[in-house]
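Visitor: Handing you a structure now.
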Amino acid sequence: MKLNLNIQPLSSWVKVTHEPLIISGPCSAETEEQLVATAHLLKATGKVSVLRAGIWKPRTRPGEFEGIGSIGLQWLNRAKQETGLPIAVEVATAKHVEEALAAGVDILWIGARSTVNPFTVQEIADALKGVDIPVMVKNPINPDLSLWIGALERINQAGITKLAAIHRGFSSFEKSAFRNEPMWDLAISLKTLVPDLPIINDPSHICGNRELLPFISQKALDLDMQGLMIESHIDPSVAWTDAKQQVTPSALSEMIDGFVLRKPES
Ligand code: PEP
Ligand code: MN
């Protein structure tokens with residue numbers, strides 16, 4: 001497979017205020033108070049570089065909370081103004097892209113349920129033509145490296161060079177301790193094919209529970225992944241989505257303190 005992606009280093013588009021790069025925030029923006037309060041606590045840890053929140057939530061089955069919608073952009077913006085944290089949001093349609101851009105979102109990401117669909121990815125890519133914004137592409141739900149690469153190529157061909165991949169694990173029929181199998185080999189293969197591509201690990205969606213987060217996070221750091229996206233909530237027990245895997249900002253801070261970082265080679 002020949003890969004020719006034009007990629008800028010992560011350092012050109014995100015200011016890492018504390019190593020490793022941590023992108024954190026709730027799975028879903030639920031209320032303005034929940035989002036803003038969580039953002040302030042994350043900022044106070046001094047260890048979070050980017051605030052994330054889902055406002056358009058692609059749920060596997062109908063009848064569940066599908067995101068607060070566009071109003072969440074205003075809440076994210078308030079959190080940004082008050083904390084100074086750049087904000088990241090998931091987009092799944094051209095309209096999401098347009099609204100997020102108009103609202104001053106700093107980083108976009110494409111979710112696992114969108115990466116599987118080339119039409120969806122192309123629609124997002126077309127909406128990004130002529131725009132200079134960082135985009136992170138989660139791996140597809142299924143363990144198909146080509147779909148992941150294809151999505152990265154489509155976004156890159158639209159002119160987006162501030163690009164990263166997010167490794168969030170893969171759906172499997174097998175019984176497992178994980179919500180999504182890490183299948184580290186796929187992320188390693190991507191790194192081999194595109195050495196310049198930053199890969200950020202998302203232990204939250206791999207684990208599906210809080211308990212395994214430190215183990216998966218450390219493994220990702222040991223594999224030289226360039227950051228972690230970890231879901232956090234002011235009160236995970238009452239979270240509207242992904243309650244079992246979210247952590248409080250203080251638990252996040254403690255977990256980060258436990259990470260062993262590789263010393264830069266001299
Ligand atoms: C999320 O980040 O909350 C999310 C929906 O993730 P994924 O696309 O990895 O399932
Ligand atoms: Mn989630």
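A note on labels: chains of the structure tokens are A, B, ... as shown, every chain counts residues from 1, and ligands are counted from 1 in their shown order.
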Output the neighbourhood of ligand 2 as a list in words, that is, all protein and nucleic acid residues with some atom at most 9 Å from the ligand, counting only C-alpha atoms and all ligand atoms.

Guide: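 So the residues close to ligand 2 are Pro26, Cys27, Ser28, Ala53, Gly54, Lys57, Ser204, His205, Gly208, Glu231, Thr241, Asp242, Ala243, Gln245 and Gln246 of chain A.
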
Visitor: Might you pull out every residue within 9 Å of segment 250-265 of chain A, with only C-alpha atoms counted and same-chain residues fewer than 4 positions away left off, and present them as a ChimeraX atom specification?

Guide: /A:19-20,22,24,41-42,45-48,213-214,217-218,221-222,224,230-232

Visitor: Show me which residues sit within 10 Å of ligand 1 when counting only C-alpha atoms and all ligand atoms, and put them as an MDAnalysis selection string.

Guide: chainID A and resid 25:28 52:60 89:90 92 109:115 137:141 166:171 180 202:206 229:231 241:242

Visitor: Find the residues near Pro118 of chain A: any atom within 10 Å, counting only C-alpha atoms, skip ones fewer than 4 places away on the same chain, and give them as a PyMOL selection string.

Guide: chain A and resi 114+122-124+147-148+150-151+154

Visitor: Do a neighbour search on Ile7 of chain A at 12 Å with only C-alpha atoms, toss out local chain neighbours closer than 4 positions, and write the hits as a PyMOL selection string.

Guide: chain A and resi 3+11-13+134-136+152-153+155-157+159-165+194-198

Visitor: Selected residues, C-alpha atoms, written as a tab-separated table (two decimals), in the first residue's frame, please.

Guide:
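Listed below is the output, part.tsv:
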chain	number	residue	atom	x	y	z
A	3	LEU	CA	0.69	6.25	1.31
A	11	SER	CA	3.28	20.65	17.97
A	12	SER	CA	2.19	22.98	15.14
A	13	TRP	CA	-1.47	22.79	16.15
A	134	PRO	CA	-6.91	20.26	12.88
A	135	VAL	CA	-8.89	17.06	12.36
A	136	MET	CA	-8.53	13.81	14.30
A	152	LEU	CA	-7.32	10.01	6.69
A	153	GLU	CA	-6.55	10.27	2.97
A	155	ILE	CA	-9.46	14.51	4.85
A	156	ASN	CA	-5.85	15.10	3.83
A	157	GLN	CA	-6.80	15.43	0.15
A	159	GLY	CA	-6.22	20.13	2.25
A	160	ILE	CA	-6.20	19.34	5.98
A	161	THR	CA	-2.58	18.83	7.03
A	162	LYS	CA	-3.12	19.20	10.78
A	163	LEU	CA	-4.13	15.60	11.04
A	164	ALA	CA	-4.05	12.91	13.72
A	165	ALA	CA	-5.46	9.43	14.15
A	194	VAL	CA	2.64	6.82	7.95
A	195	PRO	CA	5.45	7.52	10.42
A	196	ASP	CA	4.66	11.26	10.55
A	197	LEU	CA	1.06	10.74	11.58
A	198	PRO	CA	0.41	11.51	15.25

Visitor: Can you list every residue in segment 53-142 of chain A that DSSP puts in strand (DSSP E or B), as a list in words?

Guide: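 The residues of segment 53-142 of chain A classed as strand (DSSP E or B) are Gly54, Ile87, Ala88, Val89, Glu90, Ile107, Leu108, Trp109, Ile110, Val135, Met136, Val137 and Lys138 of chain A.
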
Visitor: Create the file for the chosen residues now, containing C-alpha atoms and written as an mmCIF file, in the first residue's frame.

Guide:
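File written: part.cif
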data_model
loop_
_atom_site.group_PDB
_atom_site.id
_atom_site.type_symbol
_atom_site.label_atom_id
_atom_site.label_comp_id
_atom_site.auth_asym_id
_atom_site.auth_seq_id
_atom_site.Cartn_x
_atom_site.Cartn_y
_atom_site.Cartn_z
ATOM 1 C CA GLY A 54 -19.751 15.391 22.182
ATOM 2 C CA ILE A 87 -12.205 22.993 22.347
ATOM 3 C CA ALA A 88 -12.710 19.820 20.302
ATOM 4 C CA VAL A 89 -15.971 18.368 19.036
ATOM 5 C CA GLU A 90 -17.124 15.370 16.973
ATOM 6 C CA ILE A 107 -10.226 20.909 16.679
ATOM 7 C CA LEU A 108 -12.670 18.533 14.983
ATOM 8 C CA TRP A 109 -12.812 14.782 15.224
ATOM 9 C CA ILE A 110 -14.522 12.114 13.187
ATOM 10 C CA VAL A 135 -8.889 17.056 12.358
ATOM 11 C CA MET A 136 -8.532 13.812 14.302
ATOM 12 C CA VAL A 137 -9.851 10.638 12.725
ATOM 13 C CA LYS A 138 -10.929 7.804 15.008
#

Visitor: Quick one: residues within 12 Å of Val105 of chain A, only C-alpha atoms, excluding same-chain residues fewer than 5 positions away - as a ChimeraX atom specification?

Guide: /A:50-53,70,72-81,85-91,96-100,132-135

Visitor: Pull C-alpha atoms from the residues just selected and write them as an mmCIF file, in the first residue's frame.

Guide:
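The result, stored in part28.cif:
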data_model
loop_
_atom_site.group_PDB
_atom_site.id
_atom_site.type_symbol
_atom_site.label_atom_id
_atom_site.label_comp_id
_atom_site.auth_asym_id
_atom_site.auth_seq_id
_atom_site.Cartn_x
_atom_site.Cartn_y
_atom_site.Cartn_z
ATOM 1 C CA VAL A 50 -7.688 20.403 25.162
ATOM 2 C CA LEU A 51 -11.352 20.234 26.242
ATOM 3 C CA ARG A 52 -13.521 17.688 24.426
ATOM 4 C CA ALA A 53 -17.305 17.165 24.456
ATOM 5 C CA SER A 70 -25.973 22.972 18.367
ATOM 6 C CA GLY A 72 -23.718 22.845 23.037
ATOM 7 C CA LEU A 73 -21.428 24.937 20.822
ATOM 8 C CA GLN A 74 -22.319 27.995 22.882
ATOM 9 C CA TRP A 75 -21.564 26.113 26.089
ATOM 10 C CA LEU A 76 -18.241 24.913 24.699
ATOM 11 C CA ASN A 77 -17.434 28.441 23.711
ATOM 12 C CA ARG A 78 -18.190 29.704 27.200
ATOM 13 C CA ALA A 79 -15.951 26.980 28.653
ATOM 14 C CA LYS A 80 -13.209 28.071 26.252
ATOM 15 C CA GLN A 81 -13.560 31.757 27.131
ATOM 16 C CA LEU A 85 -8.725 25.636 26.890
ATOM 17 C CA PRO A 86 -9.055 24.971 23.159
ATOM 18 C CA ILE A 87 -12.205 22.993 22.347
ATOM 19 C CA ALA A 88 -12.710 19.820 20.302
ATOM 20 C CA VAL A 89 -15.971 18.368 19.036
ATOM 21 C CA GLU A 90 -17.124 15.370 16.973
ATOM 22 C CA VAL A 91 -18.597 16.128 13.547
ATOM 23 C CA HIS A 96 -21.872 19.913 11.829
ATOM 24 C CA VAL A 97 -18.617 21.085 10.253
ATOM 25 C CA GLU A 98 -20.121 24.412 9.186
ATOM 26 C CA GLU A 99 -21.662 25.043 12.607
ATOM 27 C CA ALA A 100 -18.523 24.033 14.479
ATOM 28 C CA ASP A 132 -7.312 25.311 8.111
ATOM 29 C CA ILE A 133 -8.366 23.346 11.190
ATOM 30 C CA PRO A 134 -6.907 20.258 12.878
ATOM 31 C CA VAL A 135 -8.889 17.056 12.358
#

Visitor: Given the choices A:Met183, A:Leu145, A:Ala39, A:Ile200, which gets closest to Gly84 of chain A if the distance is worked out from only C-alpha atoms?

Guide: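 Using only C-alpha atoms, the shortest distance to Gly84 of chain A belongs to A:Ala39.
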